[in-house]
Amino acid sequence: MTALLLAVSLAQFQWERPDELSTFRIRMEDGRTDFGKVDVLQTIQLAHRLFLKADLDSDKKPRHYENGLTIRASAVQMAYRSRVSLTLHRESSLLLGFGVHTPDAEQVPNLSLDDCVAKAAEWYRAAGGTHETVLERSETDVLPQRVYVKLAYVAPGTPHRFQAGVEAYIDRTYGFPAIMWVDPLPAYDPPRRIVAKEQAVANAVAAAAEFTGWKLLEAASQDAAYHVPAYSKLPNRLSERHRARASDGRAGLVYEVSVNDGRYEWKQGEPRPFVQVYVDAETGEPIALLPAALMRGGSGAAERPFSWRGTWTVDGVSGAVEPAAGDPPVRGKPVSLSRGSIHAAARFDAKSGLVWLEREGVVLAGRPDAPLQKALSRAKPAPPFAMKPPAADAR
């Protein structure tokens, strides 16, 4: 298709009406000769609505600007009045993202974090978004005139959010989205039951301990959220059910648990060894593990002193453990004890009543009090959660 008009003349400009398709310069790439399923006229109308929402006085005066359409193998990109840009999926027509360009005038970043969060939700609705959202994260960007905002979708009638949602960098002067990415809402399977977060964390710790060899671990989890289990490129324990969901793009409820090496005291913002464990919220089974940072890294973090003293919990029963001298039995069932966010991947012997863990060749033994000893005796051995290597065909 021949490239059409590049610059719109002053005589053609009408603030309140969308521009005609004839004003767009059209570029076909990757051998494409059509727009796929994208309705270009509707897209122009959407771009015009976003242009009007920006409501800049400088744009209300007649001016020269450019309109453009670029058609690629998977996406159609539109530039409208040198102010608004949009990207749509060529085969589904879904909006993938958009942005509103700020004027070149000096920036005055006076919008607060909360203001920018509200603006992100406002622009999502203006672009036609209809899904219920909740704030997942907001923070000032490395560029102080912008704020990063992540809004997660929520399953209707439930508190459960989706991994999918809306991400945006909001300009703190105008409240415009410099860029906003919009995920499609996946189909999802409501769970028949949901295991407690504490159980999911305990199982994630067991999987992380087996994968890393760490004996003292620190763990935290968000509430369960809907994920499409596309984890075949990670060490995983995916069942046929999970693989079918990934293939169909369906989501299931998952706990995402961060587990790091608990031996050290880490400073705020300091790189630390950690893994991310994905736990099926319906079964409590760890199904994949992201070894995000297994470096010893950090800037010489201080080792956290360890003692059995204090209150430990096993299966909801809390009690004290007193340090014990002497060597424990060679054998013992694997158990997990927690003290706040700290978890000990230890062993317990009912006959001697001792619990212990080994750190760099040193055995640290303790004697639980009667209630805790009884809970340890009853506790099922921490199950093995060895991960299979990534699928060979998942490169």
# chains A, B, ... in the order shown; residues from 1 in each chain; ligands from 1
>>> closest_atom_pairs(of="range 166-231 of chain A", to="range 88-108 of chain A", cutoff="9 Å", atoms="only C-alpha atoms", output="JSON lines")
{"residue": "A:Asp171", "atom": "CA", "partner": "A:Thr102", "partner_atom": "CA", "distance": 7.9}
{"residue": "A:Arg172", "atom": "CA", "partner": "A:Val108", "partner_atom": "CA", "distance": 7.4}
{"residue": "A:Thr173", "atom": "CA", "partner": "A:Val108", "partner_atom": "CA", "distance": 5.2}
{"residue": "A:Tyr174", "atom": "CA", "partner": "A:Thr102", "partner_atom": "CA", "distance": 7.3}
{"residue": "A:Phe176", "atom": "CA", "partner": "A:Val100", "partner_atom": "CA", "distance": 5.9}
{"residue": "A:Pro177", "atom": "CA", "partner": "A:Gly99", "partner_atom": "CA", "distance": 5.5}
{"residue": "A:Ala178", "atom": "CA", "partner": "A:Gly99", "partner_atom": "CA", "distance": 5.0}
{"residue": "A:Ile179", "atom": "CA", "partner": "A:Gly99", "partner_atom": "CA", "distance": 4.3}
{"residue": "A:Met180", "atom": "CA", "partner": "A:Gly97", "partner_atom": "CA", "distance": 5.3}
{"residue": "A:Trp181", "atom": "CA", "partner": "A:Gly97", "partner_atom": "CA", "distance": 4.2}
{"residue": "A:Val182", "atom": "CA", "partner": "A:Leu96", "partner_atom": "CA", "distance": 5.2}
{"residue": "A:Asp183", "atom": "CA", "partner": "A:Leu96", "partner_atom": "CA", "distance": 6.6}
{"residue": "A:Pro184", "atom": "CA", "partner": "A:Leu94", "partner_atom": "CA", "distance": 7.5}
>>> residues_around(residues="Leu337 in chain A", least_positions_apart="2", cutoff="9 Å", atoms="only C-alpha atoms", output="list in words")
Ala202, Trp312, Thr313, Val314, Asp315, Val335, Arg339, Ile342, His343, Ala344, Ala345, Ala346 and Leu376 of chain A
>>> residues_around(residues="Ser377 in chain A", least_positions_apart="6", cutoff="9 Å", atoms="only C-alpha atoms", output="list of chain:residue names")
A:Phe348, A:Asp349, A:Ala350, A:Gly353
>>> closest_atom_pairs(of="range 250-280 of chain A", to="range 217-238 of chain A", cutoff="6 Å", atoms="only C-alpha atoms", output="JSON lines")
{"residue": "A:Arg250", "atom": "CA", "partner": "A:Val228", "partner_atom": "CA", "distance": 5.6}
{"residue": "A:Ala251", "atom": "CA", "partner": "A:Val228", "partner_atom": "CA", "distance": 4.0}
{"residue": "A:Gly252", "atom": "CA", "partner": "A:Tyr226", "partner_atom": "CA", "distance": 5.1}
{"residue": "A:Leu253", "atom": "CA", "partner": "A:Tyr226", "partner_atom": "CA", "distance": 4.3}
{"residue": "A:Val254", "atom": "CA", "partner": "A:Ala224", "partner_atom": "CA", "distance": 5.2}
{"residue": "A:Tyr255", "atom": "CA", "partner": "A:Ala224", "partner_atom": "CA", "distance": 4.4}
{"residue": "A:Glu256", "atom": "CA", "partner": "A:Ser221", "partner_atom": "CA", "distance": 5.9}
{"residue": "A:Val257", "atom": "CA", "partner": "A:Ser221", "partner_atom": "CA", "distance": 4.4}
{"residue": "A:Ser258", "atom": "CA", "partner": "A:Ala220", "partner_atom": "CA", "distance": 5.5}
{"residue": "A:Val259", "atom": "CA", "partner": "A:Ala219", "partner_atom": "CA", "distance": 4.4}
{"residue": "A:Asn260", "atom": "CA", "partner": "A:Glu218", "partner_atom": "CA", "distance": 5.3}
{"residue": "A:Asp261", "atom": "CA", "partner": "A:Leu217", "partner_atom": "CA", "distance": 5.0}
{"residue": "A:Gly262", "atom": "CA", "partner": "A:Leu217", "partner_atom": "CA", "distance": 4.1}
>>> write_last_selection(atoms="C-alpha atoms", output="mmCIF file, in the first residue's frame")
data_model
loop_
_atom_site.group_PDB
_atom_site.id
_atom_site.type_symbol
_atom_site.label_atom_id
_atom_site.label_comp_id
_atom_site.auth_asym_id
_atom_site.auth_seq_id
_atom_site.Cartn_x
_atom_site.Cartn_y
_atom_site.Cartn_z
ATOM 1 C CA ARG A 250 -5.989 -20.686 31.638
ATOM 2 C CA ALA A 251 -5.043 -19.536 35.117
ATOM 3 C CA GLY A 252 -5.143 -21.356 38.442
ATOM 4 C CA LEU A 253 -4.686 -20.044 41.968
ATOM 5 C CA VAL A 254 -1.021 -19.962 43.041
ATOM 6 C CA TYR A 255 0.964 -18.793 46.052
ATOM 7 C CA GLU A 256 4.180 -17.025 45.035
ATOM 8 C CA VAL A 257 6.652 -17.494 47.888
ATOM 9 C CA SER A 258 10.000 -15.699 48.144
ATOM 10 C CA VAL A 259 12.614 -17.701 50.044
ATOM 11 C CA ASN A 260 16.108 -16.442 50.778
ATOM 12 C CA ASP A 261 19.158 -17.724 52.604
ATOM 13 C CA GLY A 262 18.361 -16.984 56.249
#
>>> select_by_dssp(residues="range 51-257 of chain A", states="helix (DSSP H, G or I)", output="PyMOL selection string")
chain A and resi 51-54+57-60+113-126+197-212+240-248
>>> closest_residue(among="A:Ala79, A:Arg72, A:Asp59, A:Thr87", to="Thr33 in chain A", atoms="only C-alpha atoms")
A:Arg72
>>> atom_distance(atom1="CA of Thr158 in chain A", atom2="CA of Ser138 in chain A")
22.7 Å
>>> select_by_dssp(residues="range 197-316 of chain A", states="strand (DSSP E or B)", output="tab-separated table (two decimals) with all heavy atoms, in the first residue's frame")
chain	number	residue	atom	x	y	z
A	216	LEU	N	18.81	-22.82	57.02
A	216	LEU	CA	18.06	-21.74	57.67
A	216	LEU	C	17.56	-20.83	56.56
A	216	LEU	O	18.36	-20.32	55.76
A	216	LEU	CB	18.97	-20.98	58.64
A	216	LEU	CG	18.28	-20.16	59.73
A	216	LEU	CD1	17.50	-21.07	60.66
A	216	LEU	CD2	19.30	-19.34	60.51
A	217	LEU	N	16.25	-20.65	56.50
A	217	LEU	CA	15.66	-19.92	55.39
A	217	LEU	C	14.69	-18.88	55.90
A	217	LEU	O	14.11	-19.03	56.99
A	217	LEU	CB	14.92	-20.89	54.45
A	217	LEU	CG	15.72	-22.10	53.94
A	217	LEU	CD1	15.45	-23.32	54.83
A	217	LEU	CD2	15.37	-22.43	52.50
A	218	GLU	N	14.53	-17.82	55.13
A	218	GLU	CA	13.57	-16.76	55.45
A	218	GLU	C	12.56	-16.70	54.32
A	218	GLU	O	12.94	-16.66	53.15
A	218	GLU	CB	14.28	-15.43	55.62
A	218	GLU	CG	13.40	-14.34	56.20
A	218	GLU	CD	14.21	-13.11	56.61
A	218	GLU	OE1	15.37	-12.98	56.17
A	218	GLU	OE2	13.67	-12.29	57.35
A	219	ALA	N	11.27	-16.71	54.66
A	219	ALA	CA	10.25	-16.82	53.62
A	219	ALA	C	9.10	-15.87	53.87
A	219	ALA	O	8.76	-15.54	55.01
A	219	ALA	CB	9.72	-18.26	53.55
A	220	ALA	N	8.49	-15.43	52.78
A	220	ALA	CA	7.30	-14.58	52.85
A	220	ALA	C	6.49	-14.83	51.59
A	220	ALA	O	7.05	-15.14	50.52
A	220	ALA	CB	7.67	-13.12	52.97
A	221	SER	N	5.18	-14.70	51.70
A	221	SER	CA	4.32	-14.92	50.55
A	221	SER	C	3.21	-13.89	50.50
A	221	SER	O	2.72	-13.43	51.54
A	221	SER	CB	3.68	-16.32	50.63
A	221	SER	OG	2.75	-16.51	49.56
A	225	ALA	N	-2.85	-15.85	44.13
A	225	ALA	CA	-3.29	-15.09	42.95
A	225	ALA	C	-3.38	-16.04	41.77
A	225	ALA	O	-2.76	-17.11	41.75
A	225	ALA	CB	-2.32	-13.95	42.66
A	226	TYR	N	-4.15	-15.63	40.77
A	226	TYR	CA	-4.31	-16.46	39.57
A	226	TYR	C	-3.11	-16.28	38.63
A	226	TYR	O	-2.79	-15.18	38.22
A	226	TYR	CB	-5.60	-16.10	38.84
A	226	TYR	CG	-6.84	-16.67	39.49
A	226	TYR	CD1	-7.71	-15.87	40.22
A	226	TYR	CD2	-7.13	-18.02	39.37
A	226	TYR	CE1	-8.84	-16.40	40.82
A	226	TYR	CE2	-8.26	-18.57	39.96
A	226	TYR	CZ	-9.11	-17.75	40.69
A	226	TYR	OH	-10.23	-18.29	41.28
A	227	HIS	N	-2.47	-17.42	38.32
A	227	HIS	CA	-1.35	-17.46	37.39
A	227	HIS	C	-1.67	-18.44	36.27
A	227	HIS	O	-2.24	-19.51	36.53
A	227	HIS	CB	-0.07	-17.96	38.06
A	227	HIS	CG	0.53	-17.04	39.06
A	227	HIS	ND1	1.91	-16.85	39.16
A	227	HIS	CD2	-0.02	-16.26	40.02
A	227	HIS	CE1	2.16	-16.00	40.15
A	227	HIS	NE2	1.00	-15.63	40.68
A	236	ASN	N	10.74	-27.59	37.63
A	236	ASN	CA	9.30	-27.65	37.91
A	236	ASN	C	8.84	-29.05	38.26
A	236	ASN	O	9.57	-30.04	38.08
A	236	ASN	CB	8.51	-27.12	36.71
A	236	ASN	CG	8.64	-28.02	35.49
A	236	ASN	OD1	8.02	-29.07	35.40
A	236	ASN	ND2	9.47	-27.61	34.53
A	251	ALA	N	-5.75	-19.82	33.87
A	251	ALA	CA	-5.04	-19.54	35.12
A	251	ALA	C	-5.61	-20.38	36.25
A	251	ALA	O	-6.79	-20.75	36.26
A	251	ALA	CB	-5.17	-18.05	35.47
A	252	GLY	N	-4.75	-20.69	37.21
A	252	GLY	CA	-5.14	-21.36	38.44
A	252	GLY	C	-4.58	-20.56	39.61
A	252	GLY	O	-3.68	-19.73	39.45
A	253	LEU	N	-5.09	-20.81	40.79
A	253	LEU	CA	-4.69	-20.04	41.97
A	253	LEU	C	-3.34	-20.56	42.48
A	253	LEU	O	-3.16	-21.76	42.71
A	253	LEU	CB	-5.75	-20.16	43.05
A	253	LEU	CG	-5.91	-18.98	44.02
A	253	LEU	CD1	-6.14	-17.68	43.27
A	253	LEU	CD2	-7.05	-19.26	44.99
A	254	VAL	N	-2.40	-19.62	42.68
A	254	VAL	CA	-1.02	-19.96	43.04
A	254	VAL	C	-0.52	-19.03	44.14
A	254	VAL	O	-0.79	-17.83	44.12
A	254	VAL	CB	-0.11	-19.83	41.79
A	254	VAL	CG1	1.37	-19.92	42.16
A	254	VAL	CG2	-0.45	-20.90	40.76
A	255	TYR	N	0.19	-19.60	45.10
A	255	TYR	CA	0.96	-18.79	46.05
A	255	TYR	C	2.36	-18.58	45.47
A	255	TYR	O	3.00	-19.52	45.02
A	255	TYR	CB	1.12	-19.51	47.39
A	255	TYR	CG	-0.11	-19.53	48.26
A	255	TYR	CD1	-0.87	-20.70	48.39
A	255	TYR	CD2	-0.51	-18.41	48.98
A	255	TYR	CE1	-1.99	-20.73	49.21
A	255	TYR	CE2	-1.63	-18.44	49.80
A	255	TYR	CZ	-2.37	-19.60	49.91
A	255	TYR	OH	-3.48	-19.64	50.71
A	256	GLU	N	2.82	-17.35	45.49
A	256	GLU	CA	4.18	-17.02	45.03
A	256	GLU	C	5.00	-16.70	46.28
A	256	GLU	O	4.79	-15.66	46.92
A	256	GLU	CB	4.13	-15.84	44.07
A	256	GLU	CG	5.44	-15.54	43.38
A	256	GLU	CD	5.29	-14.47	42.32
A	256	GLU	OE1	4.15	-14.13	41.96
A	256	GLU	OE2	6.34	-13.96	41.86
A	257	VAL	N	5.92	-17.59	46.63
A	257	VAL	CA	6.65	-17.49	47.89
A	257	VAL	C	8.11	-17.14	47.61
A	257	VAL	O	8.79	-17.83	46.84
A	257	VAL	CB	6.58	-18.82	48.67
A	257	VAL	CG1	7.21	-18.66	50.06
A	257	VAL	CG2	5.13	-19.28	48.81
A	258	SER	N	8.59	-16.07	48.24
A	258	SER	CA	10.00	-15.70	48.14
A	258	SER	C	10.75	-16.32	49.32
A	258	SER	O	10.35	-16.14	50.47
A	258	SER	CB	10.16	-14.18	48.18
A	258	SER	OG	9.58	-13.59	47.03
A	259	VAL	N	11.82	-17.03	49.01
A	259	VAL	CA	12.61	-17.70	50.04
A	259	VAL	C	14.07	-17.30	49.85
A	259	VAL	O	14.62	-17.45	48.75
A	259	VAL	CB	12.48	-19.24	49.96
A	259	VAL	CG1	13.22	-19.90	51.12
A	259	VAL	CG2	11.02	-19.66	49.95
A	260	ASN	N	14.69	-16.78	50.89
A	260	ASN	CA	16.11	-16.44	50.78
A	260	ASN	C	16.92	-17.11	51.88
A	260	ASN	O	16.39	-17.64	52.85
A	260	ASN	CB	16.34	-14.93	50.77
A	260	ASN	CG	15.93	-14.24	52.03
A	260	ASN	OD1	14.83	-13.71	52.11
A	260	ASN	ND2	16.78	-14.23	53.06
A	261	ASP	N	18.22	-17.12	51.66
A	261	ASP	CA	19.16	-17.72	52.60
A	261	ASP	C	19.06	-16.97	53.92
A	261	ASP	O	19.38	-15.78	54.00
A	261	ASP	CB	20.57	-17.63	52.02
A	261	ASP	CG	21.60	-18.40	52.81
A	261	ASP	OD1	21.32	-18.76	53.98
A	261	ASP	OD2	22.70	-18.64	52.28
A	264	TYR	N	22.02	-14.88	56.87
A	264	TYR	CA	22.64	-13.56	56.89
A	264	TYR	C	21.64	-12.45	57.19
A	264	TYR	O	20.45	-12.56	56.90
A	264	TYR	CB	23.32	-13.28	55.54
A	264	TYR	CG	24.38	-14.28	55.19
A	264	TYR	CD1	24.12	-15.29	54.28
A	264	TYR	CD2	25.64	-14.23	55.80
A	264	TYR	CE1	25.09	-16.23	53.95
A	264	TYR	CE2	26.61	-15.17	55.48
A	264	TYR	CZ	26.33	-16.17	54.55
A	264	TYR	OH	27.29	-17.10	54.25
A	265	GLU	N	22.15	-11.38	57.74
A	265	GLU	CA	21.37	-10.15	57.93
A	265	GLU	C	21.62	-9.28	56.70
A	265	GLU	O	22.75	-8.83	56.47
A	265	GLU	CB	21.83	-9.41	59.20
A	265	GLU	CG	21.60	-10.18	60.50
A	265	GLU	CD	20.15	-10.09	60.96
A	265	GLU	OE1	19.34	-9.48	60.25
A	265	GLU	OE2	19.86	-10.66	62.02
A	274	PHE	N	18.17	-15.69	46.74
A	274	PHE	CA	16.79	-16.07	46.98
A	274	PHE	C	16.25	-16.86	45.80
A	274	PHE	O	16.80	-16.83	44.70
A	274	PHE	CB	15.91	-14.85	47.27
A	274	PHE	CG	15.45	-14.10	46.04
A	274	PHE	CD1	14.19	-14.30	45.52
A	274	PHE	CD2	16.29	-13.18	45.42
A	274	PHE	CE1	13.76	-13.60	44.41
A	274	PHE	CE2	15.88	-12.48	44.30
A	274	PHE	CZ	14.60	-12.69	43.79
A	275	VAL	N	15.20	-17.60	46.08
A	275	VAL	CA	14.48	-18.31	45.02
A	275	VAL	C	13.00	-17.97	45.17
A	275	VAL	O	12.53	-17.65	46.27
A	275	VAL	CB	14.69	-19.84	45.08
A	275	VAL	CG1	16.14	-20.20	44.79
A	275	VAL	CG2	14.25	-20.40	46.42
A	276	GLN	N	12.29	-18.04	44.07
A	276	GLN	CA	10.85	-17.82	44.07
A	276	GLN	C	10.18	-19.17	43.84
A	276	GLN	O	10.50	-19.86	42.87
A	276	GLN	CB	10.47	-16.85	42.95
A	276	GLN	CG	9.20	-16.08	43.18
A	276	GLN	CD	9.44	-14.84	44.02
A	276	GLN	OE1	10.51	-14.68	44.58
A	276	GLN	NE2	8.46	-13.98	44.11
A	277	VAL	N	9.29	-19.55	44.74
A	277	VAL	CA	8.64	-20.85	44.63
A	277	VAL	C	7.15	-20.63	44.35
A	277	VAL	O	6.49	-19.85	45.05
A	277	VAL	CB	8.82	-21.68	45.92
A	277	VAL	CG1	8.20	-23.08	45.73
A	277	VAL	CG2	10.30	-21.80	46.29
A	278	TYR	N	6.64	-21.33	43.33
A	278	TYR	CA	5.23	-21.24	42.97
A	278	TYR	C	4.51	-22.48	43.50
A	278	TYR	O	4.90	-23.61	43.19
A	278	TYR	CB	5.08	-21.13	41.45
A	278	TYR	CG	5.81	-19.94	40.88
A	278	TYR	CD1	7.08	-20.07	40.33
A	278	TYR	CD2	5.24	-18.67	40.94
A	278	TYR	CE1	7.76	-18.97	39.84
A	278	TYR	CE2	5.92	-17.56	40.45
A	278	TYR	CZ	7.18	-17.72	39.90
A	278	TYR	OH	7.86	-16.62	39.42
A	279	VAL	N	3.50	-22.25	44.33
A	279	VAL	CA	2.80	-23.33	45.02
A	279	VAL	C	1.34	-23.34	44.57
A	279	VAL	O	0.65	-22.31	44.63
A	279	VAL	CB	2.87	-23.14	46.54
A	279	VAL	CG1	2.12	-24.26	47.27
A	279	VAL	CG2	4.33	-23.09	47.02
A	280	ASP	N	0.86	-24.50	44.11
A	280	ASP	CA	-0.54	-24.65	43.74
A	280	ASP	C	-1.39	-24.43	44.99
A	280	ASP	O	-1.27	-25.16	45.97
A	280	ASP	CB	-0.77	-26.06	43.18
A	280	ASP	CG	-2.17	-26.25	42.62
A	280	ASP	OD1	-3.14	-25.83	43.29
A	280	ASP	OD2	-2.31	-26.82	41.53
A	286	PRO	N	4.36	-27.43	45.71
A	286	PRO	CA	5.22	-26.56	44.90
A	286	PRO	C	5.28	-27.10	43.48
A	286	PRO	O	5.51	-28.30	43.27
A	286	PRO	CB	6.58	-26.67	45.60
A	286	PRO	CG	6.27	-27.10	46.99
A	286	PRO	CD	5.07	-28.00	46.87
A	287	ILE	N	5.05	-26.26	42.50
A	287	ILE	CA	5.01	-26.73	41.11
A	287	ILE	C	6.13	-26.16	40.25
A	287	ILE	O	6.38	-26.66	39.16
A	287	ILE	CB	3.65	-26.42	40.46
A	287	ILE	CG1	3.30	-24.94	40.56
A	287	ILE	CG2	2.56	-27.27	41.10
A	287	ILE	CD1	2.01	-24.56	39.83
A	288	ALA	N	6.81	-25.12	40.73
A	288	ALA	CA	7.93	-24.57	39.97
A	288	ALA	C	8.77	-23.70	40.88
A	288	ALA	O	8.31	-23.24	41.93
A	288	ALA	CB	7.45	-23.77	38.77
A	289	LEU	N	10.00	-23.48	40.44
A	289	LEU	CA	10.94	-22.71	41.26
A	289	LEU	C	11.79	-21.84	40.35
A	289	LEU	O	12.35	-22.32	39.37
A	289	LEU	CB	11.81	-23.67	42.07
A	289	LEU	CG	12.79	-23.08	43.08
A	289	LEU	CD1	12.95	-24.04	44.26
A	289	LEU	CD2	14.15	-22.84	42.45
A	290	LEU	N	11.82	-20.57	40.64
A	290	LEU	CA	12.63	-19.61	39.89
A	290	LEU	C	13.88	-19.29	40.69
A	290	LEU	O	13.81	-18.63	41.73
A	290	LEU	CB	11.84	-18.32	39.63
A	290	LEU	CG	12.60	-17.17	38.99
A	290	LEU	CD1	13.03	-17.52	37.57
A	290	LEU	CD2	11.74	-15.91	38.97
A	291	PRO	N	15.04	-19.79	40.26
A	291	PRO	CA	16.28	-19.48	41.00
A	291	PRO	C	16.77	-18.08	40.65
A	291	PRO	O	17.79	-17.88	40.00
A	291	PRO	CB	17.25	-20.57	40.50
A	291	PRO	CG	16.75	-20.93	39.14
A	291	PRO	CD	15.27	-20.70	39.13
A	292	ALA	N	16.00	-17.09	41.10
A	292	ALA	CA	16.21	-15.71	40.66
A	292	ALA	C	17.60	-15.21	41.01
A	292	ALA	O	18.20	-14.46	40.26
A	292	ALA	CB	15.16	-14.81	41.31
A	293	ALA	N	18.12	-15.56	42.17
A	293	ALA	CA	19.44	-15.06	42.56
A	293	ALA	C	20.07	-16.05	43.53
A	293	ALA	O	19.81	-16.02	44.71
A	293	ALA	CB	19.34	-13.69	43.21
A	302	ALA	N	26.45	-9.57	57.15
A	302	ALA	CA	26.85	-10.22	58.40
A	302	ALA	C	26.04	-11.50	58.61
A	302	ALA	O	24.84	-11.54	58.33
A	302	ALA	CB	26.61	-9.27	59.58
A	303	GLU	N	26.71	-12.55	59.10
A	303	GLU	CA	26.01	-13.80	59.37
A	303	GLU	C	25.13	-13.63	60.59
A	303	GLU	O	25.56	-13.07	61.60
A	303	GLU	CB	27.01	-14.94	59.57
A	303	GLU	CG	26.34	-16.29	59.66
A	303	GLU	CD	27.32	-17.44	59.44
A	303	GLU	OE1	28.45	-17.18	58.99
A	303	GLU	OE2	26.93	-18.59	59.70
A	311	THR	N	10.83	-19.00	70.72
A	311	THR	CA	9.61	-19.75	70.46
A	311	THR	C	9.59	-20.24	69.01
A	311	THR	O	9.72	-19.43	68.08
A	311	THR	CB	8.37	-18.88	70.74
A	311	THR	OG1	8.39	-18.46	72.10
A	311	THR	CG2	7.09	-19.66	70.48
A	312	TRP	N	9.42	-21.55	68.86
A	312	TRP	CA	9.34	-22.16	67.53
A	312	TRP	C	7.96	-22.78	67.36
A	312	TRP	O	7.31	-23.15	68.34
A	312	TRP	CB	10.43	-23.23	67.36
A	312	TRP	CG	11.81	-22.67	67.33
A	312	TRP	CD1	12.60	-22.41	68.42
A	312	TRP	CD2	12.56	-22.29	66.18
A	312	TRP	NE1	13.81	-21.88	68.01
A	312	TRP	CE2	13.81	-21.80	66.63
A	312	TRP	CE3	12.32	-22.31	64.81
A	312	TRP	CZ2	14.80	-21.35	65.77
A	312	TRP	CZ3	13.30	-21.86	63.94
A	312	TRP	CH2	14.52	-21.38	64.42
A	313	THR	N	7.55	-22.91	66.10
A	313	THR	CA	6.21	-23.44	65.81
A	313	THR	C	6.30	-24.59	64.83
A	313	THR	O	7.05	-24.54	63.85
A	313	THR	CB	5.31	-22.34	65.24
A	313	THR	OG1	5.20	-21.28	66.20
A	313	THR	CG2	3.92	-22.87	64.94
A	314	VAL	N	5.51	-25.63	65.10
A	314	VAL	CA	5.38	-26.79	64.21
A	314	VAL	C	3.89	-27.13	64.13
A	314	VAL	O	3.26	-27.38	65.17
A	314	VAL	CB	6.17	-28.00	64.73
A	314	VAL	CG1	5.90	-29.22	63.85
A	314	VAL	CG2	7.66	-27.70	64.78
>>> closest_residue(among="A:Pro381, A:Ser112, A:Asp189, A:Arg146", to="Arg241 in chain A", atoms="only C-alpha atoms")
A:Asp189
>>> closest_residue(among="A:Ala246, A:Ala324, A:Leu46, A:Ala208", to="Arg125 in chain A", atoms="only C-alpha atoms")
A:Leu46
>>> closest_residue(among="A:Gly129, A:Gly175, A:Gly319, A:Pro389", to="Ala370 in chain A", atoms="only C-alpha atoms")
A:Gly319
>>> residues_around(residues="Gly68 in chain A", least_positions_apart="6", cutoff="7 Å", atoms="only C-alpha atoms", output="JSON, numbers by chain")
{"A": [24, 25, 26, 78, 79, 80]}
>>> closest_residue(among="A:Leu185, A:Ile170, A:Val195, A:Val38", to="Asp115 in chain A", atoms="only C-alpha atoms")
A:Ile170
>>> closest_residue(among="A:Gly36, A:Pro62, A:Pro156, A:Pro271", to="Ser74 in chain A", atoms="only C-alpha atoms")
A:Gly36
>>> decode(residues="range 315-349 of chain A", atoms="C-alpha atoms", output="PDB file, in the first residue's frame")
ATOM      1  CA  ASP A 315       1.936 -27.489  62.733  1.00  0.00           C
ATOM      2  CA  GLY A 316       0.386 -24.661  64.733  1.00  0.00           C
ATOM      3  CA  VAL A 317       1.934 -25.757  68.051  1.00  0.00           C
ATOM      4  CA  SER A 318       4.446 -23.354  69.611  1.00  0.00           C
ATOM      5  CA  GLY A 319       7.029 -24.047  72.246  1.00  0.00           C
ATOM      6  CA  ALA A 320      10.585 -23.539  73.411  1.00  0.00           C
ATOM      7  CA  VAL A 321      13.761 -25.316  72.309  1.00  0.00           C
ATOM      8  CA  GLU A 322      16.755 -25.329  74.634  1.00  0.00           C
ATOM      9  CA  PRO A 323      20.241 -25.825  73.160  1.00  0.00           C
ATOM     10  CA  ALA A 324      21.531 -29.332  73.861  1.00  0.00           C
ATOM     11  CA  ALA A 325      25.086 -30.614  74.116  1.00  0.00           C
ATOM     12  CA  GLY A 326      26.298 -33.855  72.595  1.00  0.00           C
ATOM     13  CA  ASP A 327      25.844 -35.514  69.251  1.00  0.00           C
ATOM     14  CA  PRO A 328      22.328 -36.323  68.066  1.00  0.00           C
ATOM     15  CA  PRO A 329      21.528 -39.604  66.337  1.00  0.00           C
ATOM     16  CA  VAL A 330      22.759 -39.951  62.792  1.00  0.00           C
ATOM     17  CA  ARG A 331      19.246 -40.545  61.518  1.00  0.00           C
ATOM     18  CA  GLY A 332      16.108 -38.499  62.046  1.00  0.00           C
ATOM     19  CA  LYS A 333      13.041 -37.491  60.115  1.00  0.00           C
ATOM     20  CA  PRO A 334      13.170 -34.195  58.185  1.00  0.00           C
ATOM     21  CA  VAL A 335      11.041 -31.507  59.854  1.00  0.00           C
ATOM     22  CA  SER A 336      10.465 -27.790  59.449  1.00  0.00           C
ATOM     23  CA  LEU A 337      10.190 -25.376  62.374  1.00  0.00           C
ATOM     24  CA  SER A 338       9.380 -21.692  62.077  1.00  0.00           C
ATOM     25  CA  ARG A 339      10.120 -18.634  64.180  1.00  0.00           C
ATOM     26  CA  GLY A 340       8.392 -15.679  62.565  1.00  0.00           C
ATOM     27  CA  SER A 341       9.651 -15.521  58.981  1.00  0.00           C
ATOM     28  CA  ILE A 342      12.654 -17.757  59.766  1.00  0.00           C
ATOM     29  CA  HIS A 343      12.379 -21.475  58.974  1.00  0.00           C
ATOM     30  CA  ALA A 344      14.777 -24.230  60.044  1.00  0.00           C
ATOM     31  CA  ALA A 345      15.114 -27.257  57.750  1.00  0.00           C
ATOM     32  CA  ALA A 346      16.027 -29.648  60.556  1.00  0.00           C
ATOM     33  CA  ARG A 347      15.805 -33.279  61.690  1.00  0.00           C
ATOM     34  CA  PHE A 348      14.064 -34.747  64.715  1.00  0.00           C
ATOM     35  CA  ASP A 349      14.532 -38.026  66.587  1.00  0.00           C
TER      36      ASP A 349
END
